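Worksheet: one structure, shown below.
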Amino acid sequence: MTKIIITGANGKMGNVIQSVVDAREDCKIVAGVDLNTAENGKFPIYKAISEVQEKADVVIDFSNPILLDELLAYAENTGTALVIATTGYDDEQKKKIADASKKSPIFFTYNMSMGINLLANLAKKAVEILGSDFDIEIVEKHHNQKIDAPSGTALMLADAMCEATPNPMKYEYDRHSKREKRTKNEIGMHAVRGGTIVGEHEIIFAGRDEIITLSHSARSKEIFAVGAVNAAVYMNGKSAGMYDMKELIDN
C-alpha cells in the first residue's frame with residue numbers, strides 16, 4: 001500500500017487525484033497540503049509541507065514552482081520520494097531538481113500522460129527518418145488560466161526531437177518582429193490560450209509539397225492524475241535518482 005501526500009490538495013488537480021486514488025486499492029492519501037486548508041473529511045490538510053505529521057511513501061506535487069525549495073528539503077529530510085507534476089520551472093529550478101535527485105528519488109516529467117510520451121517517441125522517430133528536409137513547428141493549446149508559455153510539454157517534445165538530430169537546433173518563439181526567412185535549424189513554438197482547452201499539442205513536419213502532422217488531445221485532466229498516481233505507486237521504495245515516464249512505461 002503506497003501512502004501519498006498531495007500538495008495542491010484542494011486545487012483542481014488535487015481533487016481529480018483524490019477521485020483516482022479512491023478507485024484504487026494499492027494506494028491511499030494520508031495528508032494534503034494547500035493554502036486553502038478546508039477539510040474534506042478524508043485526510044488532514046496543512047498549509048505547508050513542513051507541518052505534515054503523517055508518514056508517507058511519496059509526495060505528488062501539483063502546486064506552484066515557488067514551493068520547490070521546501071518540497072525538495074522535505075524529501076531529503078524525510079526520505080520521501082517525489083512525483084513532481086507542477087509545470088513552469090525555470091532553468092535554475094530544473095537544476096535544483098536534478099541536484100536533489102542525487103539524494104532523493106524524484107519522478108519528473110513535463111506531462112504525466114502516457115499518450116504524450118508516446119507522441120514524443122513518435123516525433124523522435126519522425127526526425128530520424130525525415131532528417132533536415134522537413135521544417136518542424138509545434139502548436140500547443142491550453143485553457144485561458146495557464147500561466148506559462150510555451151507549455152512544458154511543448155518544450156519536452158522539442159527536446160526529444162533534438163536528441164534525434166546531430167544538427168544543433170534553436171527554438172523560435174516569436175516571429176512577428178522578424179523580417180527574414182525561416183532558417184533550417186529552428187523549431188517554431190506557438191502558444192494558444194483560450195476557454196477551457198485541457199491540452200492539445202500538434203507537431204508539424206513541413207517538407208517540399210507534403211506535410212506530416214502528429215498530434216495529441218487531452219479531453220480531461222484525469223489522464224494527468226492517472227499518470228501521477230501510477231508514478232507514485234512506481235516510486236514507492238525507489239532509491240535516489242531521477243526517474244521519468246520512460247522508466248514507468250518500460251517497467
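Labeling convention for the C-alpha cells: chains A, B, ... as they appear, residues from 1 per chain, ligands from 1 in order of appearance.
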
| task | Write out as an NGL selection string the residues lying within 6 Å of region 157-164 of chain A, counting only C-alpha atoms and excluding same-chain residues fewer than 5 positions away. | result | :A and (120 or 124 or 128)

Print the selection's residues with N, CA, C and O atoms to a file, as a tab-separated table (two decimals), in the first residue's frame.
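Generated file (out-v3.tsv):
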```
chain	number	residue	atom	x	y	z
A	120	ALA	N	6.04	11.83	-28.08
A	120	ALA	CA	7.45	12.23	-28.08
A	120	ALA	C	8.32	11.18	-28.78
A	120	ALA	O	9.22	11.51	-29.56
A	124	LYS	N	10.46	11.67	-32.31
A	124	LYS	CA	11.88	11.35	-32.45
A	124	LYS	C	12.11	10.44	-33.66
A	124	LYS	O	13.05	10.65	-34.44
A	128	GLU	N	14.32	11.13	-37.15
A	128	GLU	CA	15.37	10.21	-37.63
A	128	GLU	C	15.16	9.85	-39.09
A	128	GLU	O	16.11	9.71	-39.85
```

| task | Run DSSP on the backbone of this structure and report the residues of region 96-168 of chain A it assigns to helix (DSSP H, G or I), as a VMD selection string. | result | chain A and resid 96 to 100 114 to 133 152 to 162

| query | Pick from A:Val20, A:Leu248, A:Ile4, A:Ile204: nearest to Lys221 (chain A), with only C-alpha atoms counted? | reply | A:Val20

| request: Have a look at A:Ala218, A:Ala85, A:Met156, A:Ala75 and name the one nearest to Ser104 (chain A); count only C-alpha atoms. | output: A:Ala75

| task | Excluding Asn15 (chain A) and any residue of its chain fewer than 6 positions from it, enumerate the residues within 10 Å of it, using only C-alpha atoms, and give them as an MDAnalysis selection string. | result | chainID A and resid 6 8:9 222 225

| field | Asp133 (chain A) environment, 8 Å, only C-alpha atoms, sequence neighbours closer than 2 positions dropped, as a VMD selection string | value | chain A and resid 130 to 131 135 207 to 208

Based on the selection just made, write all heavy atoms of those residues as an mmCIF file, in the first residue's frame.
```
data_model
loop_
_atom_site.group_PDB
_atom_site.id
_atom_site.type_symbol
_atom_site.label_atom_id
_atom_site.label_comp_id
_atom_site.auth_asym_id
_atom_site.auth_seq_id
_atom_site.Cartn_x
_atom_site.Cartn_y
_atom_site.Cartn_z
ATOM 1 N N LEU A 130 13.001 11.598 -41.413
ATOM 2 C CA LEU A 130 12.828 12.744 -42.307
ATOM 3 C C LEU A 130 14.088 13.594 -42.432
ATOM 4 O O LEU A 130 14.270 14.301 -43.426
ATOM 5 C CB LEU A 130 11.667 13.611 -41.814
ATOM 6 C CG LEU A 130 10.305 12.919 -41.735
ATOM 7 C CD1 LEU A 130 9.277 13.856 -41.122
ATOM 8 C CD2 LEU A 130 9.856 12.449 -43.112
ATOM 9 N N GLY A 131 14.933 13.559 -41.417
ATOM 10 C CA GLY A 131 16.161 14.336 -41.460
ATOM 11 C C GLY A 131 15.913 15.830 -41.505
ATOM 12 O O GLY A 131 14.939 16.338 -40.941
ATOM 13 N N ASP A 135 10.794 21.110 -42.176
ATOM 14 C CA ASP A 135 10.751 22.113 -41.115
ATOM 15 C C ASP A 135 9.813 21.622 -40.018
ATOM 16 O O ASP A 135 8.793 20.974 -40.289
ATOM 17 C CB ASP A 135 10.241 23.449 -41.659
ATOM 18 C CG ASP A 135 11.168 24.026 -42.712
ATOM 19 O OD1 ASP A 135 12.389 23.875 -42.571
ATOM 20 O OD2 ASP A 135 10.651 24.628 -43.683
ATOM 21 N N GLY A 207 7.505 19.618 -45.415
ATOM 22 C CA GLY A 207 8.532 19.396 -46.416
ATOM 23 C C GLY A 207 8.129 19.955 -47.762
ATOM 24 O O GLY A 207 7.200 20.767 -47.862
ATOM 25 N N ARG A 208 8.808 19.539 -48.789
ATOM 26 C CA ARG A 208 8.506 20.003 -50.150
ATOM 27 C C ARG A 208 7.251 19.286 -50.658
ATOM 28 O O ARG A 208 7.272 18.078 -50.912
ATOM 29 C CB ARG A 208 9.689 19.748 -51.080
ATOM 30 C CG ARG A 208 9.505 20.299 -52.486
ATOM 31 C CD ARG A 208 10.720 20.032 -53.351
ATOM 32 N NE ARG A 208 10.534 20.531 -54.698
ATOM 33 C CZ ARG A 208 10.821 21.754 -55.110
ATOM 34 N NH1 ARG A 208 11.317 22.626 -54.244
ATOM 35 N NH2 ARG A 208 10.627 22.124 -56.359
#
```

| message | Measuring between only C-alpha atoms, which one of A:Ile203, A:Ile66, A:Ile49, A:Ile5 shows the shortest distance to Tyr89 (chain A)? | response | A:Ile66

| query | Excluding same-chain residues fewer than 6 positions from region 226-232 of chain A, what lies within 12 Å of it counting only C-alpha atoms, as number ranges by chain? | reply | A: 1-6, 13-14, 16-29, 56-62, 80-86, 105-117, 220, 238, 243-249, 251

| Counting only C-alpha atoms, the option among A:Arg182, A:Arg193, A:Arg219, A:Lys42 closest to Gln145 (chain A) | A:Arg193

| request: Tell me, in Å to one decimal, how far CA of Ile197 (chain A) is from CA of Asn144 (chain A). | output: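 Computing the Euclidean distance for CA of Ile197 (chain A) and CA of Asn144 (chain A) yields 7.8 Å.
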
| query | How would you write, as number ranges by chain, the set of residues in region 9-193 of chain A that DSSP gives as strand (DSSP E)? | reply | A: 27-33, 45-46, 58-61, 81-84, 105-108, 135-142, 170-172, 186-193

Would you save the residues of that selection, restricted to N, CA and C atoms, as a compact mmCIF listing (two decimals), in the first residue's frame?
```
# COMPACT_ATOMS: atom_id res chain seq x y z
N CYS A 27 -3.11 2.12 -3.12
CA CYS A 27 -2.58 3.37 -2.58
C CYS A 27 -3.66 4.12 -1.83
N LYS A 28 -3.23 5.05 -0.97
CA LYS A 28 -4.18 5.89 -0.26
C LYS A 28 -3.52 7.23 0.08
N ILE A 29 -4.33 8.26 0.24
CA ILE A 29 -3.84 9.59 0.59
C ILE A 29 -3.89 9.73 2.10
N VAL A 30 -2.76 10.10 2.70
CA VAL A 30 -2.70 10.23 4.16
C VAL A 30 -2.72 11.68 4.61
N ALA A 31 -2.37 12.62 3.71
CA ALA A 31 -2.37 14.04 4.07
C ALA A 31 -2.33 14.89 2.81
N GLY A 32 -2.74 16.15 2.97
CA GLY A 32 -2.69 17.10 1.86
C GLY A 32 -2.08 18.41 2.31
N VAL A 33 -1.59 19.17 1.34
CA VAL A 33 -1.01 20.49 1.61
C VAL A 33 -1.66 21.49 0.67
N ILE A 45 -5.45 18.53 6.10
CA ILE A 45 -4.85 19.47 5.15
C ILE A 45 -3.98 20.46 5.93
N TYR A 46 -2.73 20.61 5.50
CA TYR A 46 -1.80 21.53 6.15
C TYR A 46 -1.45 22.68 5.20
N VAL A 58 5.35 8.67 -0.72
CA VAL A 58 5.52 9.51 -1.91
C VAL A 58 4.72 10.80 -1.75
N VAL A 59 5.26 11.89 -2.27
CA VAL A 59 4.54 13.15 -2.40
C VAL A 59 4.22 13.38 -3.87
N ILE A 60 2.95 13.62 -4.18
CA ILE A 60 2.57 14.05 -5.53
C ILE A 60 2.38 15.56 -5.49
N ASP A 61 3.15 16.26 -6.31
CA ASP A 61 3.13 17.72 -6.27
C ASP A 61 2.42 18.30 -7.49
N ALA A 81 9.88 9.91 -1.42
CA ALA A 81 10.00 10.08 -2.87
C ALA A 81 9.08 11.20 -3.35
N LEU A 82 9.45 11.84 -4.47
CA LEU A 82 8.66 12.92 -5.04
C LEU A 82 8.19 12.58 -6.44
N VAL A 83 6.94 12.91 -6.73
CA VAL A 83 6.44 12.91 -8.10
C VAL A 83 6.10 14.37 -8.40
N ILE A 84 6.94 15.02 -9.19
CA ILE A 84 6.78 16.44 -9.48
C ILE A 84 5.99 16.61 -10.78
N PRO A 105 14.79 10.13 -4.33
CA PRO A 105 14.15 9.60 -5.54
C PRO A 105 13.11 10.59 -6.07
N ILE A 106 13.29 11.05 -7.30
CA ILE A 106 12.42 12.07 -7.87
C ILE A 106 11.93 11.63 -9.25
N PHE A 107 10.61 11.68 -9.43
CA PHE A 107 10.00 11.42 -10.72
C PHE A 107 9.61 12.78 -11.30
N PHE A 108 10.21 13.15 -12.44
CA PHE A 108 9.97 14.47 -13.01
C PHE A 108 9.74 14.36 -14.50
N ASP A 135 10.79 21.11 -42.18
CA ASP A 135 10.75 22.11 -41.12
C ASP A 135 9.81 21.62 -40.02
N ILE A 136 10.16 21.97 -38.77
CA ILE A 136 9.37 21.50 -37.63
C ILE A 136 8.73 22.67 -36.90
N GLU A 137 7.43 22.58 -36.69
CA GLU A 137 6.70 23.59 -35.93
C GLU A 137 5.83 22.88 -34.88
N ILE A 138 5.75 23.46 -33.70
CA ILE A 138 4.91 22.91 -32.62
C ILE A 138 3.84 23.94 -32.26
N VAL A 139 2.59 23.51 -32.24
CA VAL A 139 1.49 24.36 -31.81
C VAL A 139 0.86 23.73 -30.57
N GLU A 140 0.83 24.48 -29.47
CA GLU A 140 0.20 23.96 -28.26
C GLU A 140 -0.94 24.86 -27.84
N LYS A 141 -2.03 24.25 -27.36
CA LYS A 141 -3.23 24.98 -26.97
C LYS A 141 -3.64 24.59 -25.56
N HIS A 142 -3.92 25.59 -24.72
CA HIS A 142 -4.34 25.35 -23.35
C HIS A 142 -5.42 26.35 -22.94
N LYS A 170 17.59 25.50 -32.61
CA LYS A 170 17.20 26.59 -31.73
C LYS A 170 15.68 26.69 -31.73
N TYR A 171 15.13 27.18 -30.63
CA TYR A 171 13.68 27.32 -30.51
C TYR A 171 13.30 28.75 -30.83
N GLU A 172 12.37 28.91 -31.77
CA GLU A 172 11.91 30.23 -32.20
C GLU A 172 10.51 30.45 -31.64
N GLU A 186 15.78 25.56 -36.87
CA GLU A 186 14.90 26.06 -35.81
C GLU A 186 13.65 25.20 -35.68
N ILE A 187 13.11 25.19 -34.47
CA ILE A 187 11.82 24.58 -34.20
C ILE A 187 10.89 25.70 -33.73
N GLY A 188 9.85 25.95 -34.48
CA GLY A 188 8.92 27.02 -34.13
C GLY A 188 8.00 26.59 -33.01
N MET A 189 7.74 27.50 -32.06
CA MET A 189 6.86 27.23 -30.92
C MET A 189 5.71 28.24 -30.93
N HIS A 190 4.49 27.77 -30.85
CA HIS A 190 3.33 28.65 -30.90
C HIS A 190 2.35 28.27 -29.80
N ALA A 191 1.96 29.25 -28.98
CA ALA A 191 1.07 29.01 -27.85
C ALA A 191 -0.29 29.66 -28.08
N VAL A 192 -1.34 28.89 -27.84
CA VAL A 192 -2.72 29.38 -27.92
C VAL A 192 -3.34 29.24 -26.53
N ARG A 193 -4.02 30.28 -26.05
CA ARG A 193 -4.67 30.25 -24.75
C ARG A 193 -6.13 30.66 -24.91
```

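In terms of minimum interatomic distance to Phe224 (chain A), A:Gly199 ranks closest within A:Pro44, A:Met169, A:Ile212, A:Gly199, counting only C-alpha atoms.
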